[in-house]
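Visitor: Next comes coords.cif, mmCIF, C-alpha atoms:
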data_data
#
loop_
_atom_site.group_PDB
_atom_site.id
_atom_site.type_symbol
_atom_site.label_atom_id
_atom_site.label_comp_id
_atom_site.auth_asym_id
_atom_site.auth_seq_id
_atom_site.Cartn_x
_atom_site.Cartn_y
_atom_site.Cartn_z
ATOM 1 C CA MET A 320 103.740 105.028 105.421
ATOM 2 C CA CYS A 321 101.057 105.570 108.056
ATOM 3 C CA GLY A 322 97.719 103.957 108.794
ATOM 4 C CA LEU A 323 94.312 105.606 108.650
ATOM 5 C CA ALA A 324 91.529 103.806 110.523
ATOM 6 C CA GLY A 325 88.140 104.974 111.679
ATOM 7 C CA ILE A 326 84.385 104.690 111.877
ATOM 8 C CA ILE A 327 81.855 107.240 110.611
ATOM 9 C CA LEU A 328 78.444 107.041 112.299
ATOM 10 C CA GLY A 329 75.071 107.993 110.927
ATOM 11 C CA ASN A 330 72.637 109.595 113.372
ATOM 12 C CA LYS A 331 70.471 106.791 114.755
ATOM 13 C CA GLU A 332 69.682 105.029 118.006
ATOM 14 C CA ARG A 333 71.870 102.018 118.704
ATOM 15 C CA LYS A 334 71.824 99.296 121.328
ATOM 16 C CA GLU A 335 74.517 98.747 123.912
ATOM 17 C CA ASP A 336 75.674 95.660 122.013
ATOM 18 C CA ASP A 337 76.075 97.791 118.888
ATOM 19 C CA PHE A 338 78.414 100.151 120.707
ATOM 20 C CA GLU A 339 80.433 97.266 122.084
ATOM 21 C CA TRP A 340 80.839 96.007 118.517
ATOM 22 C CA ILE A 341 81.863 99.483 117.311
ATOM 23 C CA LYS A 342 84.447 99.851 120.086
ATOM 24 C CA GLU A 343 85.890 96.381 119.543
ATOM 25 C CA SER A 344 86.050 96.949 115.788
ATOM 26 C CA MET A 345 87.813 100.294 116.186
ATOM 27 C CA THR A 346 90.352 98.714 118.505
ATOM 28 C CA SER A 347 90.960 95.852 116.075
ATOM 29 C CA LEU A 348 91.432 98.254 113.173
ATOM 30 C CA LEU A 349 94.000 100.280 115.111
ATOM 31 C CA VAL A 350 95.981 97.191 116.096
ATOM 32 C CA ARG A 351 95.980 95.862 112.527
ATOM 33 C CA SER A 352 97.053 99.298 111.294
ATOM 34 C CA GLN A 353 100.141 99.149 113.512
ATOM 35 C CA ALA A 354 101.876 97.399 110.605
ATOM 36 C CA ARG A 355 101.749 100.715 108.749
ATOM 37 C CA GLY A 356 102.991 102.825 111.644
ATOM 38 C CA PRO A 357 104.503 101.571 114.911
ATOM 39 C CA HIS A 358 105.913 104.829 116.293
ATOM 40 C CA ALA A 359 102.766 106.606 117.530
ATOM 41 C CA THR A 360 99.023 106.038 117.744
ATOM 42 C CA GLY A 361 96.161 108.475 118.136
ATOM 43 C CA ILE A 362 92.403 108.765 118.174
ATOM 44 C CA ALA A 363 89.850 111.583 118.042
ATOM 45 C CA VAL A 364 86.197 111.141 118.995
ATOM 46 C CA ILE A 365 84.186 114.004 117.520
ATOM 47 C CA ARG A 366 80.582 114.708 118.486
ATOM 48 C CA ARG A 367 77.747 116.320 116.601
ATOM 49 C CA ASP A 368 77.896 119.441 118.764
ATOM 50 C CA GLY A 369 81.562 120.082 117.867
ATOM 51 C CA THR A 370 83.045 118.855 121.139
ATOM 52 C CA TYR A 371 85.737 116.214 120.946
ATOM 53 C CA GLN A 372 88.271 114.064 122.779
ATOM 54 C CA LEU A 373 91.778 113.772 121.364
ATOM 55 C CA LEU A 374 94.321 111.238 122.583
ATOM 56 C CA LYS A 375 97.709 110.420 121.041
ATOM 57 C CA ARG A 376 100.802 108.809 122.447
ATOM 58 C CA PRO A 377 104.250 107.737 121.142
ATOM 59 C CA LEU A 378 103.230 104.090 121.447
ATOM 60 C CA PRO A 379 102.490 101.261 119.027
ATOM 61 C CA ALA A 380 98.779 100.571 118.707
ATOM 62 C CA GLU A 381 98.874 97.305 120.643
ATOM 63 C CA ALA A 382 100.206 99.203 123.693
ATOM 64 C CA PHE A 383 98.067 102.309 123.087
ATOM 65 C CA VAL A 384 94.764 100.384 123.234
ATOM 66 C CA GLU A 385 95.757 98.864 126.579
ATOM 67 C CA THR A 386 96.087 102.255 128.309
ATOM 68 C CA GLN A 387 93.462 103.471 130.760
ATOM 69 C CA GLU A 388 93.243 106.740 128.823
ATOM 70 C CA TYR A 389 92.167 104.880 125.690
ATOM 71 C CA GLU A 390 89.567 102.905 127.624
ATOM 72 C CA ASP A 391 88.216 106.134 129.112
ATOM 73 C CA VAL A 392 87.839 107.755 125.678
ATOM 74 C CA MET A 393 86.158 104.698 124.177
ATOM 75 C CA ALA A 394 83.745 104.512 127.118
ATOM 76 C CA GLU A 395 82.290 107.878 126.058
ATOM 77 C CA ILE A 396 81.240 106.737 122.578
ATOM 78 C CA ASP A 397 77.482 107.066 122.052
ATOM 79 C CA ASP A 398 74.921 108.167 119.465
ATOM 80 C CA LYS A 399 76.151 111.753 119.685
ATOM 81 C CA VAL A 400 79.436 110.795 117.977
ATOM 82 C CA SER A 401 79.854 111.533 114.257
ATOM 83 C CA ILE A 402 83.314 109.991 113.751
ATOM 84 C CA ILE A 403 85.979 107.984 115.544
ATOM 85 C CA MET A 404 89.172 109.022 113.758
ATOM 86 C CA GLY A 405 92.298 106.916 114.258
ATOM 87 C CA HIS A 406 95.896 106.969 113.042
ATOM 88 C CA THR A 407 99.048 104.897 113.389
ATOM 89 C CA ARG A 408 102.187 106.872 112.571
ATOM 90 C CA TYR A 409 105.367 105.818 110.873
ATOM 91 C CA ARG A 410 107.848 108.527 111.793
ATOM 92 C CA THR A 411 109.399 110.421 108.864
ATOM 93 C CA ILE A 412 109.649 114.159 109.578
ATOM 94 C CA GLY A 413 109.445 115.122 113.256
ATOM 95 C CA THR A 414 110.003 112.999 116.341
ATOM 96 C CA GLU A 415 107.060 111.122 117.815
ATOM 97 C CA LYS A 416 108.197 112.305 121.253
ATOM 98 C CA LYS A 417 106.709 115.702 120.397
ATOM 99 C CA SER A 418 102.933 115.325 120.629
ATOM 100 C CA GLU A 419 102.234 117.992 117.998
ATOM 101 C CA ASN A 420 103.859 115.753 115.364
ATOM 102 C CA ASN A 421 101.466 112.873 115.963
ATOM 103 C CA HIS A 422 97.964 112.430 114.589
ATOM 104 C CA PRO A 423 95.127 113.310 114.745
ATOM 105 C CA ILE A 424 96.308 116.896 114.317
ATOM 106 C CA ARG A 425 94.243 119.869 115.420
ATOM 107 C CA ALA A 426 94.792 123.053 113.416
ATOM 108 C CA GLY A 427 92.338 125.696 114.572
ATOM 109 C CA LYS A 428 88.874 124.300 113.859
ATOM 110 C CA ILE A 429 90.181 121.388 111.788
ATOM 111 C CA ILE A 430 91.005 117.941 113.168
ATOM 112 C CA GLY A 431 92.531 115.512 110.695
ATOM 113 C CA THR A 432 94.713 112.536 109.905
ATOM 114 C CA HIS A 433 97.045 112.163 106.940
ATOM 115 C CA ASN A 434 98.882 109.328 105.238
ATOM 116 C CA GLY A 435 101.709 110.491 103.001
ATOM 117 C CA THR A 436 104.323 113.218 102.811
ATOM 118 C CA ILE A 437 103.978 116.824 101.632
ATOM 119 C CA TYR A 438 107.428 117.517 100.198
ATOM 120 C CA ASN A 439 106.895 121.241 99.685
ATOM 121 C CA ALA A 440 105.207 121.866 103.057
ATOM 122 C CA ALA A 441 107.556 124.740 103.961
ATOM 123 C CA TYR A 442 106.826 126.468 100.683
ATOM 124 C CA ILE A 443 103.053 126.038 101.122
ATOM 125 C CA ALA A 444 103.266 127.440 104.660
ATOM 126 C CA ASP A 445 105.142 130.505 103.407
ATOM 127 C CA MET A 446 102.733 130.927 100.490
ATOM 128 C CA HIS A 447 99.756 131.205 102.840
ATOM 129 C CA GLY A 448 101.485 132.907 105.781
ATOM 130 C CA LEU A 449 100.850 130.014 108.138
ATOM 131 C CA ASN A 450 102.178 129.635 111.658
ATOM 132 C CA ARG A 451 103.542 126.166 112.373
ATOM 133 C CA PHE A 452 103.645 124.503 115.780
ATOM 134 C CA ALA A 453 104.851 121.065 114.702
ATOM 135 C CA ASP A 454 107.733 119.738 112.628
ATOM 136 C CA VAL A 455 105.665 117.229 110.703
ATOM 137 C CA ASP A 456 104.692 118.216 107.153
ATOM 138 C CA SER A 457 101.096 116.988 107.618
ATOM 139 C CA GLU A 458 100.319 119.973 109.832
ATOM 140 C CA VAL A 459 100.508 122.306 106.837
ATOM 141 C CA LEU A 460 97.732 120.402 105.064
ATOM 142 C CA PHE A 461 95.347 120.989 107.965
ATOM 143 C CA ARG A 462 96.412 124.591 108.537
ATOM 144 C CA VAL A 463 95.549 125.340 104.921
ATOM 145 C CA ALA A 464 92.194 123.607 105.477
ATOM 146 C CA ASN A 465 91.636 125.791 108.531
ATOM 147 C CA LYS A 466 92.452 128.980 106.646
ATOM 148 C CA PHE A 467 90.222 128.026 103.718
ATOM 149 C CA ARG A 468 87.338 126.259 105.474
ATOM 150 C CA ASN A 469 85.025 126.316 102.499
ATOM 151 C CA PRO A 470 85.753 122.946 100.847
ATOM 152 C CA ILE A 471 85.689 124.476 97.365
ATOM 153 C CA HIS A 472 88.333 127.039 98.313
ATOM 154 C CA PHE A 473 90.466 124.452 100.111
ATOM 155 C CA GLU A 474 90.362 121.998 97.235
ATOM 156 C CA SER A 475 91.519 124.701 94.845
ATOM 157 C CA LYS A 476 94.723 124.984 96.931
ATOM 158 C CA LEU A 477 95.538 121.268 96.737
ATOM 159 C CA LYS A 478 96.859 121.620 93.195
ATOM 160 C CA ASN A 479 99.895 123.422 94.660
ATOM 161 C CA PHE A 480 100.829 120.526 96.961
ATOM 162 C CA ARG A 481 103.538 118.099 95.901
ATOM 163 C CA GLY A 482 103.918 114.697 97.487
ATOM 164 C CA GLN A 483 101.669 111.890 98.627
ATOM 165 C CA MET A 484 98.316 112.202 100.299
ATOM 166 C CA THR A 485 95.167 110.637 101.580
ATOM 167 C CA ALA A 486 93.533 112.511 104.447
ATOM 168 C CA VAL A 487 90.444 112.527 106.667
ATOM 169 C CA MET A 488 89.317 115.769 108.287
ATOM 170 C CA VAL A 489 86.478 117.466 110.143
ATOM 171 C CA ASN A 490 85.678 121.139 110.663
ATOM 172 C CA LEU A 491 84.487 121.454 114.282
ATOM 173 C CA ASN A 492 82.056 124.150 113.156
ATOM 174 C CA ARG A 493 80.429 121.534 110.890
ATOM 175 C CA PRO A 494 81.016 118.286 112.794
ATOM 176 C CA ASN A 495 78.398 116.349 110.845
ATOM 177 C CA LYS A 496 80.349 116.764 107.596
ATOM 178 C CA ILE A 497 83.263 114.340 107.276
ATOM 179 C CA ARG A 498 85.689 115.074 104.447
ATOM 180 C CA ILE A 499 88.037 112.486 102.923
ATOM 181 C CA TYR A 500 90.615 113.348 100.270
ATOM 182 C CA LYS A 501 91.757 110.166 98.579
ATOM 183 C CA GLY A 502 94.899 111.170 96.725
ATOM 184 C CA ASN A 503 97.603 108.699 95.722
ATOM 185 C CA LYS A 504 97.732 106.710 98.974
ATOM 186 C CA PRO A 505 95.563 103.622 99.605
ATOM 187 C CA PHE A 506 92.150 103.888 101.216
ATOM 188 C CA SER A 507 89.209 101.482 101.526
ATOM 189 C CA MET A 508 85.761 101.657 103.098
ATOM 190 C CA LEU A 509 83.199 99.143 104.329
ATOM 191 C CA TRP A 510 79.577 100.251 104.741
ATOM 192 C CA ILE A 511 77.478 98.315 107.286
ATOM 193 C CA ASP A 512 73.763 98.778 106.647
ATOM 194 C CA GLU A 513 72.247 97.648 109.951
ATOM 195 C CA LEU A 514 74.477 99.935 112.045
ATOM 196 C CA ASP A 515 74.485 102.812 109.524
ATOM 197 C CA ILE A 516 78.251 103.176 109.817
ATOM 198 C CA MET A 517 81.179 103.357 107.432
ATOM 199 C CA ILE A 518 84.431 101.728 108.489
ATOM 200 C CA TYR A 519 87.606 102.859 106.762
ATOM 201 C CA ALA A 520 91.237 101.762 106.693
ATOM 202 C CA SER A 521 94.356 102.219 104.603
ATOM 203 C CA ASN A 522 94.374 98.500 103.806
ATOM 204 C CA SER A 523 91.209 96.567 102.984
ATOM 205 C CA ASP A 524 92.778 93.423 104.459
ATOM 206 C CA TYR A 525 92.357 94.995 107.901
ATOM 207 C CA PHE A 526 88.588 94.580 107.611
ATOM 208 C CA GLU A 527 89.211 90.872 108.246
ATOM 209 C CA SER A 528 89.702 91.808 111.918
ATOM 210 C CA VAL A 529 86.113 93.084 112.080
ATOM 211 C CA GLU A 530 83.412 90.494 112.785
ATOM 212 C CA ALA A 531 80.853 91.581 110.203
ATOM 213 C CA GLU A 532 79.433 88.228 109.089
ATOM 214 C CA ASP A 533 76.032 88.989 110.623
ATOM 215 C CA TYR A 534 75.681 92.306 108.807
ATOM 216 C CA THR A 535 74.993 93.493 105.270
ATOM 217 C CA THR A 536 78.195 95.126 104.013
ATOM 218 C CA HIS A 537 79.317 97.027 100.928
ATOM 219 C CA ASP A 538 82.935 97.569 99.879
ATOM 220 C CA TYR A 539 84.063 100.864 98.383
ATOM 221 C CA ARG A 540 87.267 101.639 96.489
ATOM 222 C CA PHE A 541 88.083 104.955 94.869
ATOM 223 C CA LYS A 542 90.375 106.117 92.128
ATOM 224 C CA PRO A 543 93.014 108.789 92.966
ATOM 225 C CA ASN A 544 91.980 112.408 93.469
ATOM 226 C CA ARG A 545 88.494 111.779 94.795
ATOM 227 C CA ALA A 546 86.919 113.994 97.450
ATOM 228 C CA ILE A 547 84.429 111.972 99.509
ATOM 229 C CA GLN A 548 82.066 113.819 101.833
ATOM 230 C CA PHE A 549 79.779 112.197 104.385
ATOM 231 C CA ASN A 550 76.766 113.893 105.915
ATOM 232 C CA THR A 551 75.973 112.302 109.299
ATOM 233 C CA GLU A 552 73.083 114.563 110.347
ATOM 234 C CA LYS A 553 70.593 111.729 109.777
ATOM 235 C CA GLU A 554 71.336 108.459 108.016
ATOM 236 C CA LEU A 555 74.731 108.403 106.326
ATOM 237 C CA LYS A 556 74.885 110.098 102.944
ATOM 238 C CA MET A 557 77.937 110.076 100.692
ATOM 239 C CA LYS A 558 78.910 112.458 97.897
ATOM 240 C CA VAL A 559 81.958 111.977 95.662
ATOM 241 C CA SER A 560 83.680 114.586 93.499
ATOM 242 C CA ASN A 561 87.110 115.190 91.966
ATOM 243 C CA PHE A 562 89.973 117.430 93.043
ATOM 244 C CA LYS A 563 93.344 118.243 91.512
ATOM 245 C CA PHE A 564 96.499 117.019 93.213
ATOM 246 C CA ILE A 565 99.836 116.252 91.559
ATOM 247 C CA PRO A 566 101.478 113.176 93.126
ATOM 248 C CA THR A 567 105.240 113.323 93.463
ATOM 249 C CA VAL A 568 107.818 110.656 94.199
ATOM 250 C CA ARG A 569 110.745 112.210 96.002
ATOM 251 C CA GLN A 570 113.925 112.314 93.932
ATOM 252 C CA PRO A 571 117.143 114.382 94.058
ATOM 253 C CA ASN A 572 116.346 118.060 93.577
ATOM 254 C CA THR A 573 112.592 117.359 93.795
ATOM 255 C CA ILE A 574 111.985 120.299 96.112
ATOM 256 C CA PHE A 575 113.792 122.677 93.771
ATOM 257 C CA GLN A 576 111.895 121.325 90.772
ATOM 258 C CA ASN A 577 108.591 121.760 92.610
ATOM 259 C CA MET A 578 109.362 125.380 93.357
ATOM 260 C CA VAL A 579 110.180 126.064 89.744
ATOM 261 C CA THR A 580 106.906 124.417 88.709
ATOM 262 C CA LEU A 581 104.875 126.442 91.191
ATOM 263 C CA LEU A 582 106.485 129.708 90.234
ATOM 264 C CA SER A 583 106.222 129.166 86.479
#
Show me, as structure tokens, the structure contained in the file I just sent.
Guide:
Amino acid sequence: MCGLAGIILGNKERKEDDFEWIKESMTSLLVRSQARGPHATGIAVIRRDGTYQLLKRPLPAEAFVETQEYEDVMAEIDDKVSIIMGHTRYRTIGTEKKSENNHPIRAGKIIGTHNGTIYNAAYIADMHGLNRFADVDSEVLFRVANKFRNPIHFESKLKNFRGQMTAVMVNLNRPNKIRIYKGNKPFSMLWIDELDIMIYASNSDYFESVEAEDYTTHDYRFKPNRAIQFNTEKELKMKVSNFKFIPTVRQPNTIFQNMVTLLS
């Protein structure tokens, strides 16, 4: 169990007070998400020109947001940012002491965060001839996305994955296109009209930490296996489609059964 938290920004001019609200809200979301993952916290700030800042540490969120490094990254947020992508990690596979295992993960031109476990990650890596630099299974998801950067081609590969998944990712060659794959793990979004932003979190209760009473908001929930794409080139635009992914609850001999299924 990990926590996804972030803010997607449409392309518009905002006031200084708006950015203070965005920064405070992002910080609050990360701290609330600590309940889903206390072992490591990370954030990526991705700009419309494909440049980015990536910071992750083996710290709980409440300690992470107090670091000078975090303050320095947040100070750079402006209207050139397309997404602030956050993650709180609950360690499963791979120690949090190794930075490559923590999120956000960069795999070539892809930066992403994942909640869930890919049980057949080693098999998928072998299938596609992928080099791995981390121990965590999530890396394989983003390395496949990097190899098959066309969303249609990538989504066709997801049917071979076995496990649990909801993920957020960005191709640095197309930084205005934010891709969310809502599989069988929880995910909620809150659209704020006046700021033209979409806030997201793994638990809708975490939105209570955001002071949004003065804004017009819209809640979004999605069924499993929905691909949600945001275009941030101008005002936010959202497109939703379906993808195929077979959720799996780990049981004895699950890995062997998955291999038989894939090979049949």
Visitor: Quick one: distance from atom CA of Phe452 of chain A to atom CA of Asn420 of chain A in Å, one decimal?
Guide: 8.8 Å
Visitor: In Å, how far is it from atom CA of Trp510 of chain A to atom CA of Leu555 of chain A?
Guide: 9.6 Å
Visitor: Starting from the shown file, work through the PyMOL selection byres ((chain A and resi 499) around 7) and note down what comes out as a ChimeraX atom specification.
Guide: /A:486-488,497-498,500-501,546-548
Visitor: Please list, as a count of residues only, the residues that have an atom at most 12 Å away from (89.9, 93.5, 115.6) in the coordinates of this file, counting only C-alpha atoms.
Guide: 26
Visitor: Excluding segment 469-479 of chain A and its own-chain neighbours fewer than 4 positions away, which residues fall within 10 Å of it when counting all atoms listed in the file? Please give them as a list in words.
Guide: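 Answer for this query is Asn439, Tyr442, Ile443, Met446, His447, Leu460, Phe461, Val463, Ala464, Asn465, Asn490, Arg498, Tyr500, Ala546, Gln548, Asn561, Phe562, Lys563, Phe564, Ile565, Pro566, Asn577, Met578, Thr580 and Leu581 of chain A.
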Visitor: Tell me which of A:Gly356, A:Met508, A:Ala440, A:Thr485 sits closest to Gly325 of chain A, counting only C-alpha atoms.
Guide: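 The answer is A:Met508, which sits nearest to Gly325 of chain A.
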Visitor: Which of these residues is nearest to Gln372 of chain A, using all atoms listed in the file: A:Gly502, A:Pro543, A:Gly448, A:Gly405?
Guide: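 For Gln372 of chain A, the nearest of the candidates is A:Gly405.
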Visitor: For each of A:Leu323, A:Leu491, A:Leu449, A:Ile362, take the minimum atom-to-atom distance to Ser521 of chain A, counting only C-alpha atoms, then give the residue where this is smallest.
Guide: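 Closest residue, counting only C-alpha atoms: A:Leu323.
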Visitor: Any chance you could work out the residue set of the PyMOL selection byres ((chain A and resi 397) around 10) here, as a VMD selection string?
Guide: chain A and resid 328 332 to 335 337 to 338 341 366 393 to 396 398 to 401
Visitor: Using Å and a single decimal, report how far atom CA of Phe549 of chain A sits from atom CA of Met517 of chain A.
Guide: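 Between atom CA of Met517 of chain A and atom CA of Phe549 of chain A the gap is 9.5 Å.
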Visitor: Can you pull out the residues contacting Thr414 of chain A? Cut-off 12 Å, using only C-alpha atoms, and skip same-chain residues under 3 positions away; I want them as a PyMOL selection string.
Guide: chain A and resi 358-359+376-377+408-411+417-421+453-456
Visitor: Expand the PyMOL selection byres ((chain A and resi 426) around 9) into the explicit residue set it covers here, and present it as a PyMOL selection string.
Guide: chain A and resi 424-425+427-431+458-459+461-465
Visitor: Would you mind exporting C-alpha atoms of the selected residues as a PDB file, keeping the file's coordinate frame?
Guide:
ATOM      1  CA  ILE A 424      96.308 116.896 114.317  1.00  0.00           C
ATOM      2  CA  ARG A 425      94.243 119.869 115.420  1.00  0.00           C
ATOM      3  CA  GLY A 427      92.338 125.696 114.572  1.00  0.00           C
ATOM      4  CA  LYS A 428      88.874 124.300 113.859  1.00  0.00           C
ATOM      5  CA  ILE A 429      90.181 121.388 111.788  1.00  0.00           C
ATOM      6  CA  ILE A 430      91.005 117.941 113.168  1.00  0.00           C
ATOM      7  CA  GLY A 431      92.531 115.512 110.695  1.00  0.00           C
ATOM      8  CA  GLU A 458     100.319 119.973 109.832  1.00  0.00           C
ATOM      9  CA  VAL A 459     100.508 122.306 106.837  1.00  0.00           C
ATOM     10  CA  PHE A 461      95.347 120.989 107.965  1.00  0.00           C
ATOM     11  CA  ARG A 462      96.412 124.591 108.537  1.00  0.00           C
ATOM     12  CA  VAL A 463      95.549 125.340 104.921  1.00  0.00           C
ATOM     13  CA  ALA A 464      92.194 123.607 105.477  1.00  0.00           C
ATOM     14  CA  ASN A 465      91.636 125.791 108.531  1.00  0.00           C
TER      15      ASN A 465
END
